[in-house]
Structure formats: C-alpha cells, structure tokens
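The data block below is data_17.cif; it holds mmCIF, N, CA and C atoms.
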```cif
data_model
#
loop_
_atom_site.label_atom_id
_atom_site.label_comp_id
_atom_site.auth_asym_id
_atom_site.auth_seq_id
_atom_site.Cartn_x
_atom_site.Cartn_y
_atom_site.Cartn_z
N MET A 1 0.81 -1.19 0.00
CA MET A 1 0.00 0.00 0.00
C MET A 1 0.86 1.26 0.00
N TRP A 2 1.93 1.23 0.81
CA TRP A 2 2.78 2.41 0.87
C TRP A 2 3.49 2.66 -0.45
N ILE A 3 3.76 1.58 -1.15
CA ILE A 3 4.43 1.73 -2.43
C ILE A 3 3.53 2.42 -3.44
N VAL A 4 2.23 2.12 -3.38
CA VAL A 4 1.27 2.76 -4.28
C VAL A 4 1.17 4.25 -3.98
N VAL A 5 1.08 4.57 -2.68
CA VAL A 5 1.00 5.98 -2.28
C VAL A 5 2.27 6.72 -2.68
N LEU A 6 3.43 6.10 -2.44
CA LEU A 6 4.69 6.72 -2.80
C LEU A 6 4.81 6.91 -4.31
N ALA A 7 4.36 5.93 -5.07
CA ALA A 7 4.43 6.04 -6.53
C ALA A 7 3.53 7.16 -7.04
N SER A 8 2.33 7.31 -6.45
CA SER A 8 1.44 8.38 -6.90
C SER A 8 2.00 9.75 -6.50
N VAL A 9 2.63 9.83 -5.32
CA VAL A 9 3.24 11.09 -4.90
C VAL A 9 4.40 11.44 -5.82
N LEU A 10 5.19 10.46 -6.21
CA LEU A 10 6.30 10.73 -7.12
C LEU A 10 5.78 11.14 -8.50
N ASP A 11 4.65 10.57 -8.92
CA ASP A 11 4.04 11.00 -10.18
C ASP A 11 3.59 12.45 -10.09
N TYR A 12 2.99 12.82 -8.94
CA TYR A 12 2.58 14.21 -8.75
C TYR A 12 3.79 15.13 -8.77
N HIS A 13 4.86 14.70 -8.12
CA HIS A 13 6.07 15.53 -8.08
C HIS A 13 6.66 15.71 -9.48
N ALA A 14 6.70 14.65 -10.25
CA ALA A 14 7.20 14.75 -11.61
C ALA A 14 6.30 15.65 -12.46
N ASP A 15 4.99 15.56 -12.24
CA ASP A 15 4.04 16.39 -12.97
C ASP A 15 4.22 17.87 -12.62
N ILE A 16 4.34 18.16 -11.33
CA ILE A 16 4.54 19.54 -10.88
C ILE A 16 5.86 20.08 -11.40
N THR A 17 6.91 19.28 -11.35
CA THR A 17 8.22 19.72 -11.83
C THR A 17 8.18 20.01 -13.33
N ALA A 18 7.49 19.16 -14.08
CA ALA A 18 7.38 19.39 -15.52
C ALA A 18 6.60 20.67 -15.81
N LYS A 19 5.53 20.91 -15.04
CA LYS A 19 4.75 22.13 -15.24
C LYS A 19 5.55 23.37 -14.87
N ALA A 20 6.31 23.29 -13.78
CA ALA A 20 7.14 24.43 -13.38
C ALA A 20 8.20 24.73 -14.43
N ASP A 21 8.82 23.69 -14.97
CA ASP A 21 9.82 23.90 -16.02
C ASP A 21 9.19 24.48 -17.29
N GLU A 22 7.99 24.02 -17.61
CA GLU A 22 7.31 24.55 -18.79
C GLU A 22 6.97 26.03 -18.62
N VAL A 23 6.48 26.41 -17.44
CA VAL A 23 6.16 27.82 -17.19
C VAL A 23 7.43 28.66 -17.19
N ARG A 24 8.51 28.13 -16.59
CA ARG A 24 9.77 28.88 -16.56
C ARG A 24 10.32 29.10 -17.97
N ASN A 25 10.25 28.07 -18.80
CA ASN A 25 10.72 28.21 -20.18
C ASN A 25 9.84 29.17 -20.98
N ALA A 26 8.53 29.15 -20.72
CA ALA A 26 7.64 30.09 -21.40
C ALA A 26 7.91 31.52 -20.95
N LEU A 27 8.18 31.72 -19.65
CA LEU A 27 8.54 33.06 -19.17
C LEU A 27 9.83 33.54 -19.82
N ARG A 28 10.78 32.63 -19.95
CA ARG A 28 12.05 33.00 -20.57
C ARG A 28 11.86 33.35 -22.04
N ALA A 29 11.00 32.62 -22.73
CA ALA A 29 10.80 32.85 -24.16
C ALA A 29 9.97 34.10 -24.42
N LYS A 30 8.92 34.31 -23.65
CA LYS A 30 7.99 35.40 -23.94
C LYS A 30 8.35 36.71 -23.25
N LEU A 31 8.81 36.65 -22.00
CA LEU A 31 9.10 37.88 -21.26
C LEU A 31 10.59 38.12 -21.06
N ASN A 32 11.42 37.22 -21.59
CA ASN A 32 12.87 37.36 -21.52
C ASN A 32 13.37 37.46 -20.08
N THR A 33 12.85 36.59 -19.22
CA THR A 33 13.26 36.59 -17.82
C THR A 33 14.45 35.69 -17.62
N LEU A 34 15.15 35.93 -16.54
CA LEU A 34 16.27 35.10 -16.15
C LEU A 34 15.90 34.34 -14.88
N GLY A 35 16.68 33.39 -14.52
CA GLY A 35 16.45 32.65 -13.29
C GLY A 35 16.58 31.16 -13.54
N SER A 36 17.14 30.48 -12.55
CA SER A 36 17.37 29.05 -12.70
C SER A 36 16.14 28.23 -12.37
N ASP A 37 15.19 28.80 -11.63
CA ASP A 37 13.96 28.08 -11.33
C ASP A 37 12.77 29.03 -11.49
N LEU A 38 11.59 28.50 -11.25
CA LEU A 38 10.37 29.28 -11.50
C LEU A 38 10.23 30.46 -10.57
N SER A 39 10.58 30.31 -9.30
CA SER A 39 10.42 31.42 -8.36
C SER A 39 11.30 32.60 -8.74
N LYS A 40 12.52 32.33 -9.17
CA LYS A 40 13.41 33.42 -9.60
C LYS A 40 12.94 34.03 -10.91
N GLY A 41 12.40 33.22 -11.79
CA GLY A 41 11.87 33.74 -13.05
C GLY A 41 10.67 34.64 -12.84
N VAL A 42 9.79 34.26 -11.91
CA VAL A 42 8.62 35.09 -11.61
C VAL A 42 9.06 36.38 -10.93
N ALA A 43 10.04 36.29 -10.04
CA ALA A 43 10.54 37.50 -9.38
C ALA A 43 11.20 38.42 -10.40
N TRP A 44 11.88 37.85 -11.38
CA TRP A 44 12.54 38.65 -12.40
C TRP A 44 11.53 39.35 -13.31
N SER A 45 10.41 38.68 -13.58
CA SER A 45 9.42 39.26 -14.49
C SER A 45 8.77 40.50 -13.90
N GLY A 46 8.64 40.55 -12.59
CA GLY A 46 8.15 41.76 -11.92
C GLY A 46 6.82 42.24 -12.44
N ARG A 47 6.81 43.46 -13.00
CA ARG A 47 5.56 44.07 -13.45
C ARG A 47 5.18 43.68 -14.87
N LEU A 48 5.91 42.80 -15.49
CA LEU A 48 5.60 42.40 -16.85
C LEU A 48 4.39 41.47 -16.91
N GLN A 49 4.01 40.92 -15.78
CA GLN A 49 2.83 40.08 -15.74
C GLN A 49 1.95 40.53 -14.57
N PRO A 50 0.64 40.28 -14.66
CA PRO A 50 -0.27 40.71 -13.60
C PRO A 50 0.02 39.99 -12.28
N LYS A 51 -0.43 40.61 -11.18
CA LYS A 51 -0.21 40.01 -9.87
C LYS A 51 -0.92 38.68 -9.73
N LYS A 52 -2.06 38.56 -10.39
CA LYS A 52 -2.80 37.30 -10.32
C LYS A 52 -1.97 36.16 -10.88
N ARG A 53 -1.25 36.40 -11.96
CA ARG A 53 -0.42 35.35 -12.55
C ARG A 53 0.78 35.05 -11.64
N SER A 54 1.30 36.05 -10.95
CA SER A 54 2.39 35.81 -10.01
C SER A 54 1.92 34.95 -8.85
N LYS A 55 0.70 35.20 -8.38
CA LYS A 55 0.15 34.39 -7.28
C LYS A 55 -0.09 32.97 -7.74
N GLN A 56 -0.54 32.81 -8.99
CA GLN A 56 -0.75 31.47 -9.51
C GLN A 56 0.58 30.74 -9.67
N ALA A 57 1.62 31.45 -10.06
CA ALA A 57 2.94 30.83 -10.16
C ALA A 57 3.45 30.45 -8.77
N ALA A 58 3.08 31.23 -7.75
CA ALA A 58 3.48 30.89 -6.38
C ALA A 58 2.83 29.58 -5.93
N VAL A 59 1.63 29.29 -6.41
CA VAL A 59 0.98 28.01 -6.10
C VAL A 59 1.80 26.86 -6.67
N ILE A 60 2.28 27.01 -7.88
CA ILE A 60 3.10 25.96 -8.51
C ILE A 60 4.43 25.82 -7.78
N VAL A 61 5.04 26.95 -7.40
CA VAL A 61 6.32 26.91 -6.69
C VAL A 61 6.15 26.22 -5.34
N LYS A 62 5.06 26.53 -4.64
CA LYS A 62 4.80 25.90 -3.33
C LYS A 62 4.61 24.40 -3.49
N ALA A 63 3.86 24.00 -4.50
CA ALA A 63 3.64 22.57 -4.74
C ALA A 63 4.94 21.87 -5.10
N GLN A 64 5.78 22.56 -5.84
CA GLN A 64 7.07 21.98 -6.22
C GLN A 64 7.97 21.84 -5.00
N GLY A 65 7.91 22.80 -4.10
CA GLY A 65 8.71 22.74 -2.88
C GLY A 65 8.29 21.61 -1.96
N LEU A 66 7.01 21.32 -1.91
CA LEU A 66 6.51 20.23 -1.06
C LEU A 66 6.65 18.87 -1.74
N GLY A 67 7.03 18.84 -2.99
CA GLY A 67 7.04 17.62 -3.76
C GLY A 67 8.07 16.60 -3.34
N GLY A 68 9.11 17.00 -2.66
CA GLY A 68 10.13 16.04 -2.26
C GLY A 68 9.72 15.16 -1.10
N ASN A 69 8.74 15.59 -0.34
CA ASN A 69 8.30 14.85 0.84
C ASN A 69 6.92 14.25 0.59
N PRO A 70 6.77 12.93 0.67
CA PRO A 70 5.48 12.31 0.37
C PRO A 70 4.35 12.74 1.30
N LYS A 71 4.67 12.96 2.57
CA LYS A 71 3.62 13.36 3.51
C LYS A 71 3.16 14.79 3.26
N LEU A 72 4.10 15.65 2.92
CA LEU A 72 3.74 17.03 2.63
C LEU A 72 3.08 17.18 1.27
N MET A 73 3.37 16.29 0.36
CA MET A 73 2.81 16.36 -0.98
C MET A 73 1.30 16.17 -0.96
N ARG A 74 0.79 15.48 0.06
CA ARG A 74 -0.66 15.29 0.17
C ARG A 74 -1.36 16.62 0.47
N ARG A 75 -0.63 17.62 0.95
CA ARG A 75 -1.23 18.92 1.26
C ARG A 75 -1.45 19.78 0.02
N THR A 76 -0.81 19.42 -1.08
CA THR A 76 -0.95 20.24 -2.28
C THR A 76 -2.26 19.97 -2.98
N ASP A 77 -2.80 21.01 -3.56
CA ASP A 77 -4.04 20.90 -4.32
C ASP A 77 -3.67 20.82 -5.80
N MET A 78 -3.78 19.62 -6.35
CA MET A 78 -3.40 19.42 -7.74
C MET A 78 -4.35 20.15 -8.69
N GLY A 79 -5.60 20.29 -8.30
CA GLY A 79 -6.54 21.03 -9.14
C GLY A 79 -6.16 22.49 -9.26
N ALA A 80 -5.74 23.08 -8.13
CA ALA A 80 -5.32 24.49 -8.15
C ALA A 80 -4.05 24.67 -8.97
N SER A 81 -3.12 23.73 -8.84
CA SER A 81 -1.88 23.87 -9.61
C SER A 81 -2.12 23.64 -11.10
N ASN A 82 -3.03 22.74 -11.44
CA ASN A 82 -3.37 22.53 -12.86
C ASN A 82 -4.05 23.77 -13.44
N THR A 83 -4.97 24.36 -12.67
CA THR A 83 -5.64 25.59 -13.11
C THR A 83 -4.64 26.73 -13.28
N ALA A 84 -3.74 26.86 -12.30
CA ALA A 84 -2.73 27.91 -12.36
C ALA A 84 -1.84 27.73 -13.59
N HIS A 85 -1.44 26.51 -13.84
CA HIS A 85 -0.59 26.24 -15.00
C HIS A 85 -1.30 26.58 -16.30
N SER A 86 -2.55 26.19 -16.42
CA SER A 86 -3.27 26.45 -17.68
C SER A 86 -3.51 27.94 -17.88
N GLU A 87 -3.82 28.68 -16.82
CA GLU A 87 -4.06 30.12 -16.97
C GLU A 87 -2.77 30.88 -17.27
N ILE A 88 -1.68 30.48 -16.65
CA ILE A 88 -0.40 31.13 -16.95
C ILE A 88 0.02 30.83 -18.39
N ALA A 89 -0.17 29.59 -18.81
CA ALA A 89 0.19 29.22 -20.18
C ALA A 89 -0.67 29.99 -21.19
N THR A 90 -1.96 30.15 -20.89
CA THR A 90 -2.84 30.92 -21.78
C THR A 90 -2.40 32.37 -21.86
N PHE A 91 -2.04 32.96 -20.71
CA PHE A 91 -1.59 34.35 -20.68
C PHE A 91 -0.30 34.51 -21.49
N LEU A 92 0.63 33.59 -21.31
CA LEU A 92 1.92 33.72 -22.00
C LEU A 92 1.81 33.41 -23.49
N ASP A 93 0.87 32.55 -23.86
CA ASP A 93 0.68 32.26 -25.29
C ASP A 93 0.13 33.47 -26.04
N ALA A 94 -0.59 34.34 -25.34
CA ALA A 94 -1.19 35.51 -25.98
C ALA A 94 -0.18 36.62 -26.24
N ILE A 95 1.02 36.52 -25.68
CA ILE A 95 2.03 37.56 -25.83
C ILE A 95 2.76 37.39 -27.16
N ASP A 96 2.85 38.49 -27.91
CA ASP A 96 3.58 38.49 -29.18
C ASP A 96 4.94 39.15 -28.94
N VAL A 97 5.98 38.38 -29.07
CA VAL A 97 7.33 38.85 -28.75
C VAL A 97 7.77 39.96 -29.71
N GLN A 98 7.49 39.80 -31.00
CA GLN A 98 7.87 40.81 -31.98
C GLN A 98 7.17 42.14 -31.69
N GLU A 99 5.91 42.08 -31.31
CA GLU A 99 5.16 43.31 -31.00
C GLU A 99 5.74 44.00 -29.77
N ARG A 100 6.13 43.20 -28.75
CA ARG A 100 6.75 43.79 -27.56
C ARG A 100 8.05 44.49 -27.91
N ARG A 101 8.86 43.88 -28.77
CA ARG A 101 10.13 44.51 -29.16
C ARG A 101 9.88 45.78 -29.94
N LYS A 102 8.92 45.74 -30.85
CA LYS A 102 8.61 46.93 -31.65
C LYS A 102 8.12 48.07 -30.76
N ILE A 103 7.26 47.76 -29.81
CA ILE A 103 6.74 48.79 -28.90
C ILE A 103 7.87 49.36 -28.04
N ARG A 104 8.79 48.50 -27.59
CA ARG A 104 9.91 48.98 -26.77
C ARG A 104 10.78 49.94 -27.56
N VAL A 105 11.07 49.63 -28.83
CA VAL A 105 11.90 50.51 -29.67
C VAL A 105 11.17 51.82 -29.94
N LEU A 106 9.87 51.74 -30.25
CA LEU A 106 9.11 52.97 -30.51
C LEU A 106 9.03 53.86 -29.28
N ARG A 107 8.88 53.27 -28.11
CA ARG A 107 8.86 54.07 -26.87
C ARG A 107 10.21 54.75 -26.64
N TRP A 108 11.29 54.03 -26.95
CA TRP A 108 12.60 54.62 -26.76
C TRP A 108 12.79 55.80 -27.71
N PHE A 109 12.43 55.61 -28.99
CA PHE A 109 12.57 56.70 -29.95
C PHE A 109 11.66 57.88 -29.61
N SER A 110 10.46 57.60 -29.15
CA SER A 110 9.56 58.71 -28.81
C SER A 110 10.09 59.47 -27.59
N GLY A 111 10.68 58.79 -26.64
CA GLY A 111 11.28 59.47 -25.49
C GLY A 111 12.45 60.35 -25.91
N MET A 112 13.27 59.82 -26.80
CA MET A 112 14.40 60.62 -27.29
C MET A 112 13.91 61.84 -28.07
N ALA A 113 12.88 61.67 -28.90
CA ALA A 113 12.34 62.79 -29.66
C ALA A 113 11.76 63.85 -28.73
N PHE A 114 11.05 63.42 -27.69
CA PHE A 114 10.51 64.37 -26.74
C PHE A 114 11.62 65.15 -26.05
N ASN A 115 12.68 64.46 -25.63
CA ASN A 115 13.80 65.14 -24.98
C ASN A 115 14.47 66.14 -25.91
N LEU A 116 14.65 65.79 -27.18
CA LEU A 116 15.27 66.71 -28.13
C LEU A 116 14.39 67.94 -28.36
N ILE A 117 13.08 67.73 -28.48
CA ILE A 117 12.17 68.87 -28.66
C ILE A 117 12.18 69.76 -27.43
N LEU A 118 12.21 69.16 -26.25
CA LEU A 118 12.25 69.94 -25.01
C LEU A 118 13.52 70.75 -24.91
N ILE A 119 14.67 70.17 -25.22
CA ILE A 119 15.94 70.89 -25.15
C ILE A 119 15.98 72.00 -26.20
N ALA A 120 15.51 71.72 -27.41
CA ALA A 120 15.50 72.75 -28.45
C ALA A 120 14.58 73.91 -28.06
N SER A 121 13.43 73.63 -27.50
CA SER A 121 12.52 74.71 -27.09
C SER A 121 13.12 75.51 -25.94
N CYS A 122 13.85 74.87 -25.04
CA CYS A 122 14.51 75.61 -23.96
C CYS A 122 15.59 76.54 -24.52
N PHE A 123 16.34 76.08 -25.52
CA PHE A 123 17.33 76.95 -26.14
C PHE A 123 16.67 78.13 -26.85
N VAL A 124 15.57 77.89 -27.55
CA VAL A 124 14.87 78.98 -28.24
C VAL A 124 14.36 79.99 -27.23
N ILE A 125 13.79 79.51 -26.15
CA ILE A 125 13.30 80.44 -25.09
C ILE A 125 14.45 81.19 -24.47
N TRP A 126 15.58 80.53 -24.23
CA TRP A 126 16.73 81.19 -23.63
C TRP A 126 17.29 82.26 -24.57
N PHE A 127 17.41 81.94 -25.88
CA PHE A 127 17.87 82.93 -26.84
C PHE A 127 16.90 84.09 -26.95
N TRP A 128 15.62 83.79 -26.92
CA TRP A 128 14.61 84.86 -27.04
C TRP A 128 14.63 85.78 -25.84
N CYS A 129 14.78 85.20 -24.63
CA CYS A 129 14.82 86.02 -23.42
C CYS A 129 16.12 86.82 -23.30
N SER A 130 17.21 86.31 -23.83
CA SER A 130 18.49 87.04 -23.75
C SER A 130 18.62 88.05 -24.88
N GLY A 131 17.71 88.06 -25.84
CA GLY A 131 17.73 89.04 -26.89
C GLY A 131 18.58 88.65 -28.09
N ASN A 132 19.02 87.44 -28.18
CA ASN A 132 19.85 87.00 -29.29
C ASN A 132 19.02 86.46 -30.45
N LEU A 133 17.74 86.35 -30.28
CA LEU A 133 16.89 85.81 -31.36
C LEU A 133 16.01 86.89 -31.92
#
```

Write out the structure in this file as structure tokens.
Amino acid sequence: MWIVVLASVLDYHADITAKADEVRNALRAKLNTLGSDLSKGVAWSGRLQPKKRSKQAAVIVKAQGLGGNPKLMRRTDMGASNTAHSEIATFLDAIDVQERRKIRVLRWFSGMAFNLILIASCFVIWFWCSGNL
C-alpha cells in the first residue's frame, strides 16, 4: 500500500516539476526573464505580468517545494496547480514577442524625440529672453 502511495506522490512531483519547467521556459521565451527556477523567473518578471499570474505561479512553486516529501505532498491541491498552470500558459501564449520589441523601440525613440524637442525649445526660449533671437 505504501508503495502505491509513494508512486502516486512521485508522479505528482514529476508532474509539478514538468509544469514548473514549462512555465519557466515560457517566461524565458515570452518575457525574456532570467532565473534558474520558476520562483526566480517570476521574481525577475516583476511588473511584466499581472499580480494574479504571479500568485498562480506561487501556487506551482509551493507545490514543487513540497514535492520532495510524500507526507507534505498530500497537502498540495493538484486542481489548483493545474488551473494555475493552464491560466499562466494561456496568458503567456497571448504575448507576441515581436510586437513587444517593436513597442519597446518605438517608446525609446519617442522618449528621445521628446527630450530633443524639449531641449530645443529651452534653447529657443533662452535665446529669445536674452535678446539674441
């Protein structure tokens, strides 16, 4: 009997580990995060994902942490971790990496253009006030 319980717990642990690795790889691919495990990857992503998704990733991390001990593994809710995994995967699948890069470049150029316009207008005002224009 104990062997059956231990085998099912090990299956759960392998399942949770596979899901955590899948989410970590998706975070790395879509949000360009770093980190050797899921908790570091979620911490690295910061504000790039909603808080709800971070909390769902914390459910997977907690289940993965309890996975090494068969008695503690019974405390994990596999339904919640499966739901969290599917919702995080759905959120990350909706992200277009090329669009994110394009928006980042456009924001950088627009910031630079705004700064140049601001500096040029300050020079024009300074010349006008000093009487050189």

message: Just want the 8 Å neighbourhood of Ala43 in chain A, counted on only N, CA and C atoms, with same-chain residues fewer than 4 positions away dropped. Output as number ranges by chain.
response: A: 33-34, 37-39, 47, 54

message: Report, in Å to a single decimal, how far apart CA of Ile95 in chain A and CA of Pro50 in chain A are.
response: 12.8 Å

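Restricting the calculation to only C-alpha atoms, the smallest distance between Leu66 in chain A and any of A:Asn25, A:Gln49, A:Gln98, A:Thr17 is found for A:Thr17.
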
- request: Translate the PyMOL selection byres (((chain A and resi 27 and name CA) around 12) and name CA), as applied to the file shown, into an explicit residue set as a PyMOL selection string.
  value: chain A and resi 20-26+28-46+48-49+53-54+57+88-93+95+97

message: Report as a ChimeraX atom specification all protein, DNA and RNA residues lying within 10 Å of Ser81 in chain A, evaluated on only C-alpha atoms, omitting residues in the same chain fewer than 5 positions from it.
response: /A:16,19-20,56-64,76,86-87

Go ahead and dump the residues you just picked, N, CA and C atoms, as an mmCIF file, in the coordinates of the input.
```
data_model
loop_
_atom_site.group_PDB
_atom_site.id
_atom_site.type_symbol
_atom_site.label_atom_id
_atom_site.label_comp_id
_atom_site.auth_asym_id
_atom_site.auth_seq_id
_atom_site.Cartn_x
_atom_site.Cartn_y
_atom_site.Cartn_z
ATOM 1 N N ILE A 16 4.340 18.160 -11.330
ATOM 2 C CA ILE A 16 4.540 19.540 -10.880
ATOM 3 C C ILE A 16 5.860 20.080 -11.400
ATOM 4 N N LYS A 19 5.530 20.910 -15.040
ATOM 5 C CA LYS A 19 4.750 22.130 -15.240
ATOM 6 C C LYS A 19 5.550 23.370 -14.870
ATOM 7 N N ALA A 20 6.310 23.290 -13.780
ATOM 8 C CA ALA A 20 7.140 24.430 -13.380
ATOM 9 C C ALA A 20 8.200 24.730 -14.430
ATOM 10 N N GLN A 56 -0.540 32.810 -8.990
ATOM 11 C CA GLN A 56 -0.750 31.470 -9.510
ATOM 12 C C GLN A 56 0.580 30.740 -9.670
ATOM 13 N N ALA A 57 1.620 31.450 -10.060
ATOM 14 C CA ALA A 57 2.940 30.830 -10.160
ATOM 15 C C ALA A 57 3.450 30.450 -8.770
ATOM 16 N N ALA A 58 3.080 31.230 -7.750
ATOM 17 C CA ALA A 58 3.480 30.890 -6.380
ATOM 18 C C ALA A 58 2.830 29.580 -5.930
ATOM 19 N N VAL A 59 1.630 29.290 -6.410
ATOM 20 C CA VAL A 59 0.980 28.010 -6.100
ATOM 21 C C VAL A 59 1.800 26.860 -6.670
ATOM 22 N N ILE A 60 2.280 27.010 -7.880
ATOM 23 C CA ILE A 60 3.100 25.960 -8.510
ATOM 24 C C ILE A 60 4.430 25.820 -7.780
ATOM 25 N N VAL A 61 5.040 26.950 -7.400
ATOM 26 C CA VAL A 61 6.320 26.910 -6.690
ATOM 27 C C VAL A 61 6.150 26.220 -5.340
ATOM 28 N N LYS A 62 5.060 26.530 -4.640
ATOM 29 C CA LYS A 62 4.800 25.900 -3.330
ATOM 30 C C LYS A 62 4.610 24.400 -3.490
ATOM 31 N N ALA A 63 3.860 24.000 -4.500
ATOM 32 C CA ALA A 63 3.640 22.570 -4.740
ATOM 33 C C ALA A 63 4.940 21.870 -5.100
ATOM 34 N N GLN A 64 5.780 22.560 -5.840
ATOM 35 C CA GLN A 64 7.070 21.980 -6.220
ATOM 36 C C GLN A 64 7.970 21.840 -5.000
ATOM 37 N N THR A 76 -0.810 19.420 -1.080
ATOM 38 C CA THR A 76 -0.950 20.240 -2.280
ATOM 39 C C THR A 76 -2.260 19.970 -2.980
ATOM 40 N N SER A 86 -2.550 26.190 -16.420
ATOM 41 C CA SER A 86 -3.270 26.450 -17.680
ATOM 42 C C SER A 86 -3.510 27.940 -17.880
ATOM 43 N N GLU A 87 -3.820 28.680 -16.820
ATOM 44 C CA GLU A 87 -4.060 30.120 -16.970
ATOM 45 C C GLU A 87 -2.770 30.880 -17.270
#
```

message: Give me, as a PyMOL selection string, the residues of range 37-109 of chain A that a backbone DSSP run labels alpha helix (DSSP H).
response: chain A and resi 38-45+51-66+70-73+78-93+97-109

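For the pair CA of Gly131 in chain A and atom C of Leu118 in chain A, the separation is 18.9 Å.
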
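With CA of Ala80 in chain A on one side and CA of Asp96 in chain A on the other, the separation reads 26.8 Å.
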